[in-house]
$ cat query.pdb   # PDB, C-alpha atoms
ATOM      1  CA  MET Z  12      13.294  48.745  -5.025
ATOM      2  CA  HIS Z  13      10.851  47.532  -2.369
ATOM      3  CA  LEU Z  14       8.601  44.779  -3.672
ATOM      4  CA  SER Z  15       5.292  44.236  -1.897
ATOM      5  CA  CYS Z  16       3.694  40.988  -0.763
ATOM      6  CA  ALA Z  17       1.712  39.201  -3.484
ATOM      7  CA  ILE Z  18      -1.187  38.713  -1.063
ATOM      8  CA  CYS Z  19      -1.616  41.866   1.024
ATOM      9  CA  GLU Z  20       0.275  44.142  -1.380
ATOM     10  CA  GLU Z  21       1.279  46.212   1.634
ATOM     11  CA  ARG Z  22       4.111  44.577   3.552
ATOM     12  CA  LYS Z  23       7.491  43.755   2.094
ATOM     13  CA  GLU Z  24       7.836  40.289   0.567
ATOM     14  CA  LYS Z  25      10.478  38.078   2.169
ATOM     15  CA  ARG Z  26       9.772  34.492   1.140
ATOM     16  CA  PHE Z  27       8.664  32.567  -1.937
ATOM     17  CA  CYS Z  28       5.231  30.941  -1.704
ATOM     18  CA  PRO Z  29       4.696  27.973  -4.043
ATOM     19  CA  ALA Z  30       0.946  28.209  -3.457
ATOM     20  CA  VAL Z  31       0.720  31.629  -5.159
ATOM     21  CA  HIS Z  32       3.883  31.220  -7.247
ATOM     22  CA  GLY Z  33       5.130  34.507  -5.894
ATOM     23  CA  ARG Z  34       6.808  36.151  -2.962
ATOM     24  CA  ILE Z  35       4.860  37.028   0.176
ATOM     25  CA  CYS Z  36       5.453  38.488   3.631
ATOM     26  CA  PRO Z  37       5.918  36.292   6.725
ATOM     27  CA  GLN Z  38       2.660  37.557   8.279
ATOM     28  CA  CYS Z  39       0.515  36.505   5.321
ATOM     29  CA  CYS Z  40       2.381  33.200   5.227
ATOM     30  CA  GLY Z  41       1.532  32.511   8.859
ATOM     31  CA  GLU Z  42      -2.062  33.740   8.688
ATOM     32  CA  GLN Z  43      -3.094  32.260   5.329
ATOM     33  CA  ARG Z  44      -1.126  28.998   5.467
ATOM     34  CA  GLU Z  45      -3.602  26.100   4.997
ATOM     35  CA  VAL Z  46      -6.475  28.586   5.383
ATOM     36  CA  THR Z  47      -6.770  30.214   1.968
ATOM     37  CA  LEU Z  48      -3.543  28.764   0.565
ATOM     38  CA  ASP Z  49      -3.199  25.211  -0.757
ATOM     39  CA  CYS Z  50       0.276  24.706   0.677
ATOM     40  CA  PRO Z  51       2.259  21.830  -0.887
ATOM     41  CA  GLY Z  52       3.757  19.386   1.579
ATOM     42  CA  ASP Z  53       7.326  20.164   0.495
ATOM     43  CA  CYS Z  54       7.082  23.882   1.322
ATOM     44  CA  PRO Z  55       9.929  24.539   3.820
ATOM     45  CA  TYR Z  56       7.858  27.032   5.812
ATOM     46  CA  LEU Z  57       4.982  24.565   6.149
ATOM     47  CA  GLN Z  58       7.427  21.862   7.234
ATOM     48  CA  GLN Z  59       8.935  24.202   9.833
ATOM     49  CA  ALA Z  60       5.477  24.968  11.207
ATOM     50  CA  ARG Z  61       4.666  21.252  11.478
ATOM     51  CA  GLU Z  62       7.987  20.497  13.185
ATOM     52  CA  HIS Z  63       7.382  23.303  15.655
ATOM     53  CA  ALA Z  64       3.887  22.025  16.436
ATOM     54  CA  THR Z  65       5.200  18.483  16.960
ATOM     55  CA  ALA Z  66       8.103  19.611  19.140
ATOM     56  CA  ASN Z  67       5.773  21.643  21.340
ATOM     57  CA  ARG Z  68       2.967  19.069  21.215
ATOM     58  CA  GLU Z  69       0.566  21.711  20.000
ATOM     59  CA  ARG Z  70      -2.958  20.679  19.217
ATOM     60  CA  PRO Z  71      -5.437  22.367  16.851
ATOM     61  CA  GLY Z  72      -7.419  24.561  19.215
ATOM     62  CA  GLU Z  73      -9.771  23.239  21.816
ATOM     63  CA  LEU Z  74     -10.685  19.719  20.782
ATOM     64  CA  ASP Z  75     -14.153  18.440  21.518
ATOM     65  CA  ARG Z  76     -13.453  15.616  23.952
ATOM     66  CA  GLU Z  77     -16.593  13.778  22.877
ATOM     67  CA  ALA Z  78     -15.349  13.795  19.278
ATOM     68  CA  LEU Z  79     -12.448  11.564  20.359
ATOM     69  CA  PHE Z  80     -14.719   8.873  21.836
ATOM     70  CA  PRO Z  81     -13.269   9.036  25.389
ATOM     71  CA  GLU Z  82     -15.313   6.007  26.466
ATOM     72  CA  VAL Z  83     -13.382   3.801  24.025
ATOM     73  CA  GLU Z  84     -10.330   2.462  25.835
ATOM     74  CA  ILE Z  85      -7.410   1.308  23.724
ATOM     75  CA  ALA Z  86      -4.773  -0.673  25.592
ATOM     76  CA  GLU Z  87      -1.273  -0.870  24.167
ATOM     77  CA  PRO Z  88      -1.428  -4.668  23.610
ATOM     78  CA  PHE Z  89      -4.337  -4.079  21.209
ATOM     79  CA  LEU Z  90      -2.109  -1.954  18.969
ATOM     80  CA  TYR Z  91       0.267  -4.860  18.468
ATOM     81  CA  GLU Z  92      -2.331  -7.615  18.349
ATOM     82  CA  ARG Z  93      -4.293  -5.752  15.679
ATOM     83  CA  GLU Z  94      -1.462  -3.895  13.991
ATOM     84  CA  GLU Z  95      -2.359  -5.276  10.565
ATOM     85  CA  LEU Z  96      -5.946  -4.088  10.961
ATOM     86  CA  ILE Z  97      -4.829  -0.557  11.851
ATOM     87  CA  LEU Z  98      -2.382  -0.536   8.958
ATOM     88  CA  GLY Z  99      -5.047  -1.819   6.596
ATOM     89  CA  LEU Z 100      -7.540   0.876   7.575
ATOM     90  CA  SER Z 101      -4.834   3.540   7.354
ATOM     91  CA  PHE Z 102      -3.894   2.267   3.917
ATOM     92  CA  ALA Z 103      -7.534   2.566   2.832
ATOM     93  CA  LEU Z 104      -7.469   6.240   3.847
ATOM     94  CA  ALA Z 105      -4.214   6.814   1.972
ATOM     95  CA  LYS Z 106      -5.712   5.120  -1.078
ATOM     96  CA  SER Z 107      -8.753   7.390  -0.914
ATOM     97  CA  ALA Z 108      -6.590  10.499  -0.612
ATOM     98  CA  ARG Z 109      -4.505   9.447  -3.620
ATOM     99  CA  ALA Z 110      -7.622   8.826  -5.685
ATOM    100  CA  ASP Z 111      -8.950  12.292  -4.856
ATOM    101  CA  ARG Z 112      -6.150  14.822  -4.390
ATOM    102  CA  ALA Z 113      -8.656  17.447  -3.292
ATOM    103  CA  LEU Z 114      -9.256  15.647   0.013
ATOM    104  CA  MET Z 115      -8.057  17.403   3.148
ATOM    105  CA  ASP Z 116      -7.459  16.178   6.691
ATOM    106  CA  ARG Z 117     -10.933  17.291   7.698
ATOM    107  CA  ASP Z 118     -12.493  15.029   5.038
ATOM    108  CA  LEU Z 119     -10.695  11.930   6.318
ATOM    109  CA  ILE Z 120     -11.447  12.868   9.928
ATOM    110  CA  ALA Z 121     -15.147  13.383   9.184
ATOM    111  CA  ALA Z 122     -15.425  10.041   7.380
ATOM    112  CA  VAL Z 123     -13.586   8.096  10.095
ATOM    113  CA  SER Z 124     -15.625   9.785  12.832
ATOM    114  CA  SER Z 125     -18.858   8.865  11.057
ATOM    115  CA  LEU Z 126     -17.747   5.248  10.696
ATOM    116  CA  ALA Z 127     -16.709   5.106  14.348
ATOM    117  CA  LYS Z 128     -20.172   6.313  15.384
ATOM    118  CA  SER Z 129     -21.747   3.603  13.253
ATOM    119  CA  TYR Z 130     -19.609   0.864  14.794
ATOM    120  CA  GLN Z 131     -20.202   2.244  18.278
ATOM    121  CA  THR Z 132     -23.951   1.891  17.723
ATOM    122  CA  LEU Z 133     -23.446  -1.601  16.308
ATOM    123  CA  VAL Z 134     -21.367  -2.680  19.326
ATOM    124  CA  LYS Z 135     -23.797  -1.233  21.865
ATOM    125  CA  SER Z 136     -27.113  -2.282  20.341
ATOM    126  CA  SER Z 137     -26.294  -4.676  17.475
ATOM    127  CA  LEU Z 138     -28.161  -2.272  15.207
ATOM    128  CA  ILE Z 139     -26.586  -1.373  11.896
ATOM    129  CA  TYR Z 140     -26.577   2.401  11.730
ATOM    130  CA  GLU Z 141     -25.052   4.621   9.109
ATOM    131  CA  ALA Z 142     -24.570   8.252  10.050
ATOM    132  CA  PRO Z 143     -26.286  10.342   7.347
ATOM    133  CA  THR Z 144     -24.007  12.418   5.124
ATOM    134  CA  ALA Z 145     -24.647  14.085   1.807
ATOM    135  CA  ASN Z 146     -20.935  14.527   1.178
ATOM    136  CA  VAL Z 147     -20.034  12.242  -1.722
ATOM    137  CA  ALA Z 148     -16.320  12.370  -0.923
ATOM    138  CA  HIS Z 149     -16.942  11.212   2.649
ATOM    139  CA  GLN Z 150     -19.172   8.397   1.391
ATOM    140  CA  THR Z 151     -16.384   7.264  -0.948
ATOM    141  CA  ILE Z 152     -13.834   7.237   1.880
ATOM    142  CA  ALA Z 153     -16.205   5.243   4.089
ATOM    143  CA  ARG Z 154     -16.772   2.663   1.339
ATOM    144  CA  GLU Z 155     -13.022   2.227   0.889
ATOM    145  CA  VAL Z 156     -12.578   1.622   4.623
ATOM    146  CA  GLU Z 157     -15.518  -0.793   4.777
ATOM    147  CA  THR Z 158     -14.058  -2.685   1.811
ATOM    148  CA  MET Z 159     -10.803  -3.087   3.708
ATOM    149  CA  VAL Z 160     -12.684  -4.448   6.755
ATOM    150  CA  ARG Z 161     -14.515  -6.960   4.566
ATOM    151  CA  GLU Z 162     -11.291  -8.061   2.841
ATOM    152  CA  PHE Z 163      -9.593  -8.398   6.220
ATOM    153  CA  ARG Z 164     -12.349 -10.738   7.415
ATOM    154  CA  GLU Z 165     -12.212 -12.714   4.175
ATOM    155  CA  ALA Z 166      -8.456 -13.148   4.576
ATOM    156  CA  GLU Z 167      -8.945 -14.461   8.121
ATOM    157  CA  GLN Z 168     -11.600 -16.854   6.853
ATOM    158  CA  GLN Z 169      -9.228 -18.242   4.233
ATOM    159  CA  GLN Z 170      -6.255 -18.526   6.587
ATOM    160  CA  ILE Z 171      -7.807 -19.952   9.763
ATOM    161  CA  GLY Z 172     -11.230 -21.138   8.619
ATOM    162  CA  HIS Z 173     -13.182 -18.439  10.450
ATOM    163  CA  THR Z 174     -12.999 -14.743  11.196
ATOM    164  CA  ARG Z 175     -11.874 -13.532  14.632
ATOM    165  CA  LEU Z 176     -12.292  -9.827  13.938
ATOM    166  CA  ARG Z 177     -14.968  -8.341  16.183
ATOM    167  CA  ASP Z 178     -16.879  -5.121  15.539
ATOM    168  CA  SER Z 179     -15.539  -3.781  18.838
ATOM    169  CA  GLU Z 180     -12.008  -4.181  17.490
ATOM    170  CA  VAL Z 181     -12.872  -2.301  14.313
ATOM    171  CA  LEU Z 182     -14.278   0.471  16.519
ATOM    172  CA  LYS Z 183     -11.057   0.652  18.533
ATOM    173  CA  ALA Z 184      -8.947   0.742  15.378
ATOM    174  CA  LEU Z 185     -11.045   3.558  13.922
ATOM    175  CA  VAL Z 186     -10.899   5.579  17.139
ATOM    176  CA  PHE Z 187      -7.125   5.091  17.324
ATOM    177  CA  ILE Z 188      -6.755   6.395  13.770
ATOM    178  CA  LEU Z 189      -9.114   9.287  14.517
ATOM    179  CA  ARG Z 190      -7.082  10.327  17.560
ATOM    180  CA  MET Z 191      -3.888  10.054  15.543
ATOM    181  CA  ALA Z 192      -5.375  12.221  12.790
ATOM    182  CA  MET Z 193      -6.588  14.855  15.241
ATOM    183  CA  GLY Z 194      -3.155  14.916  16.822
ATOM    184  CA  ARG Z 195      -1.405  15.552  13.507
ATOM    185  CA  THR Z 196      -3.661  17.941  11.640
ATOM    186  CA  SER Z 197      -3.165  21.665  12.121
ATOM    187  CA  GLY Z 198      -6.934  22.073  12.306
ATOM    188  CA  ARG Z 199      -6.869  24.636   9.513
ATOM    189  CA  PRO Z 200      -9.390  24.221   6.664
ATOM    190  CA  LYS Z 201      -6.816  23.175   4.080
ATOM    191  CA  SER Z 202      -4.551  21.166   6.373
ATOM    192  CA  ARG Z 203      -3.069  18.036   4.784
ATOM    193  CA  ALA Z 204      -0.602  17.132   7.546
ATOM    194  CA  PHE Z 205      -2.360  13.837   8.266
ATOM    195  CA  VAL Z 206      -2.739  13.105   4.546
ATOM    196  CA  ASP Z 207       0.995  13.669   4.024
ATOM    197  CA  PHE Z 208       1.713  11.426   7.016
ATOM    198  CA  LEU Z 209      -0.309   8.631   5.414
ATOM    199  CA  PHE Z 210       1.465   9.106   2.093
ATOM    200  CA  ALA Z 211       4.812   8.805   3.880
ATOM    201  CA  GLN Z 212       3.695   5.620   5.618
ATOM    202  CA  PHE Z 213       2.367   4.096   2.418
ATOM    203  CA  PRO Z 214       4.409   5.194  -0.591
ATOM    204  CA  GLU Z 215       2.879   4.322  -3.913
ATOM    205  CA  LYS Z 216       3.460   0.713  -5.017
ATOM    206  CA  ARG Z 217       3.592  -0.506  -1.402
ATOM    207  CA  THR Z 218       0.935  -2.750   0.105
ATOM    208  CA  ALA Z 219      -1.137  -2.093   3.199
ATOM    209  CA  ILE Z 220       0.503  -4.766   5.319
ATOM    210  CA  ALA Z 221       4.168  -4.642   6.178
ATOM    211  CA  GLY Z 222       6.131  -7.653   5.063
ATOM    212  CA  PRO Z 223       8.824  -9.451   7.086
ATOM    213  CA  GLU Z 224      11.515  -7.530   5.253
ATOM    214  CA  ASP Z 225      10.185  -4.230   6.615
ATOM    215  CA  GLY Z 226      11.135  -5.102  10.188
ATOM    216  CA  GLY Z 227       9.571  -3.542  13.257
ATOM    217  CA  SER Z 228       6.212  -1.921  13.812
ATOM    218  CA  ARG Z 229       4.967   0.841  11.526
ATOM    219  CA  ILE Z 230       2.288   2.015  13.931
ATOM    220  CA  VAL Z 231       3.001   5.495  15.271
ATOM    221  CA  ILE Z 232       1.336   6.119  18.616
ATOM    222  CA  PRO Z 233      -0.089   9.664  18.787
TER     223      PRO Z 233
END
$ encode --input "query.pdb" --output "structure tokens"
Amino acid sequence: MHLSCAICEERKEKRFCPAVHGRICPQCCGEQREVTLDCPGDCPYLQQAREHATANRERPGELDREALFPEVEIAEPFLYEREELILGLSFALAKSARADRALMDRDLIAAVSSLAKSYQTLVKSSLIYEAPTANVAHQTIAREVETMVREFREAEQQQIGHTRLRDSEVLKALVFILRMAMGRTSGRPKSRAFVDFLFAQFPEKRTAIAGPEDGGSRIVIP
């Protein structure tokens, strides 16, 4: 008995797909993965694809260099000096993704990119500029990130009597996270590789900032 693929109904099925709750052929798996299929992060075939991409340092197509803010230089010392800021902003993204499970990598990337543009304008001209977006989900993500920035400054104020965090540092942190996200996502419409990475970094019931007991840096350089 030759069973056909649950998607194309032509080729022979060879693997179980949790996204369709049925068996599909390898070709449909490869072509439709994270395109039309909402692939769960624990799917072994999705994990294999991500491992292969990481091992071969593959990137999602031709990236728009301008989208990565090439003029923003991020020296390695900054990553350690402002590690808590980067972790805090990353935690805000993870929190947003947990609150709305429909969010994909592209949603987080779009929101962070919009925020980075706003801070770039603020740093260059001191003008407060908010990139227009009608996407409610992106607005929600941006508000969560901005809340984290405000709380970070308030914590500095309480601890040392003033805030040292500059807008230029927030810009660098956002661009670092954006580059990291672009380096991890598959670039497919339904990719959640970066979202899953954030969930792994910040399991539920853990705080944004690593405590002394955690030991070592939790920043992963893309």
$ resolve_selection --input "query.pdb" --expression "the PyMOL selection byres ((chain Z and resi 41-52) around 6)" --output "JSON, numbers by chain"
{"Z": [30, 38, 39, 40, 53, 54, 199, 200, 201, 202]}
$ residues_around --input "query.pdb" --residues "segment 124-138 of chain Z" --least-positions-apart "4" --cutoff "7 Å" --atoms "all atoms listed in the file" --output "number ranges by chain"
Z: 120, 142, 153, 178-179, 182, 185-186, 189
$ write_last_selection --input "query.pdb" --atoms "C-alpha atoms" --output "PDB file, keeping the file's coordinate frame"
ATOM      1  CA  ILE Z 120     -11.447  12.868   9.928  1.00  0.00           C
ATOM      2  CA  ALA Z 142     -24.570   8.252  10.050  1.00  0.00           C
ATOM      3  CA  ALA Z 153     -16.205   5.243   4.089  1.00  0.00           C
ATOM      4  CA  ASP Z 178     -16.879  -5.121  15.539  1.00  0.00           C
ATOM      5  CA  SER Z 179     -15.539  -3.781  18.838  1.00  0.00           C
ATOM      6  CA  LEU Z 182     -14.278   0.471  16.519  1.00  0.00           C
ATOM      7  CA  LEU Z 185     -11.045   3.558  13.922  1.00  0.00           C
ATOM      8  CA  VAL Z 186     -10.899   5.579  17.139  1.00  0.00           C
ATOM      9  CA  LEU Z 189      -9.114   9.287  14.517  1.00  0.00           C
TER      10      LEU Z 189
END
$ resolve_selection --input "query.pdb" --expression "the PyMOL selection byres ((chain Z and resi 149) around 10)" --output "NGL selection string"
:Z and (107 or 114 or 117-123 or 125 or 144-148 or 150-155)
$ residues_around --input "query.pdb" --residues "Ala204 of chain Z" --least-positions-apart "4" --cutoff "8 Å" --atoms "all atoms listed in the file" --output "PDB file with C-alpha atoms, in the frame of the given file"
ATOM      1  CA  GLY Z  52       3.757  19.386   1.579  1.00  0.00           C
ATOM      2  CA  ARG Z  61       4.666  21.252  11.478  1.00  0.00           C
ATOM      3  CA  ASP Z 116      -7.459  16.178   6.691  1.00  0.00           C
ATOM      4  CA  ARG Z 195      -1.405  15.552  13.507  1.00  0.00           C
ATOM      5  CA  THR Z 196      -3.661  17.941  11.640  1.00  0.00           C
ATOM      6  CA  SER Z 197      -3.165  21.665  12.121  1.00  0.00           C
ATOM      7  CA  PHE Z 208       1.713  11.426   7.016  1.00  0.00           C
TER       8      PHE Z 208
END
$ closest_residue --input "query.pdb" --among "Z:Arg93, Z:Lys106, Z:Arg164, Z:Arg112" --to "Leu209 of chain Z" --atoms "all atoms listed in the file"
Z:Lys106
$ atom_distance --input "query.pdb" --atom1 "atom CA of Phe210 of chain Z" --atom2 "atom CA of Ala105 of chain Z"
6.1 Å
$ atom_distance --input "query.pdb" --atom1 "atom CA of Met115 of chain Z" --atom2 "atom CA of Glu84 of chain Z"
27.3 Å
$ resolve_selection --input "query.pdb" --expression "the PyMOL selection byres ((chain Z and resi 14-20) around 6)" --output "PDB file with C-alpha atoms, in the coordinates of the input"
ATOM      1  CA  HIS Z  13      10.851  47.532  -2.369  1.00  0.00           C
ATOM      2  CA  GLU Z  21       1.279  46.212   1.634  1.00  0.00           C
ATOM      3  CA  ARG Z  22       4.111  44.577   3.552  1.00  0.00           C
ATOM      4  CA  LYS Z  23       7.491  43.755   2.094  1.00  0.00           C
ATOM      5  CA  GLU Z  24       7.836  40.289   0.567  1.00  0.00           C
ATOM      6  CA  ARG Z  34       6.808  36.151  -2.962  1.00  0.00           C
ATOM      7  CA  ILE Z  35       4.860  37.028   0.176  1.00  0.00           C
ATOM      8  CA  CYS Z  36       5.453  38.488   3.631  1.00  0.00           C
TER       9      CYS Z  36
END
$ atom_distance --input "query.pdb" --atom1 "atom CA of Ala60 of chain Z" --atom2 "atom CA of Leu79 of chain Z"
24.2 Å
$ closest_residue --input "query.pdb" --among "Z:Glu165, Z:Glu94, Z:Glu82, Z:Asp111" --to "Ile188 of chain Z" --atoms "all atoms listed in the file"
Z:Glu94
$ closest_residue --input "query.pdb" --among "Z:Leu96, Z:Asp207, Z:Pro214, Z:Val156" --to "Arg177 of chain Z" --atoms "all atoms listed in the file"
Z:Leu96
$ axis_aligned_box --input "query.pdb" --around "segment 77-91 of chain Z" --padding-each-side "5 Å" --output "JSON"
{"center_x": -8.2, "center_y": 4.5, "center_z": 22.5, "size_x": 26.9, "size_y": 28.7, "size_z": 18.0}
$ closest_residue --input "query.pdb" --among "Z:Phe187, Z:Gly33, Z:Arg203, Z:Ala192" --to "Phe80 of chain Z" --atoms "all atoms listed in the file"
Z:Phe187
$ residues_around --input "query.pdb" --residues "Phe89 of chain Z" --least-positions-apart "3" --cutoff "9 Å" --atoms "all atoms listed in the file" --output "list of chain:residue names"
Z:Ile85, Z:Ala86, Z:Glu92, Z:Arg93, Z:Glu94, Z:Glu180, Z:Lys183, Z:Ala184
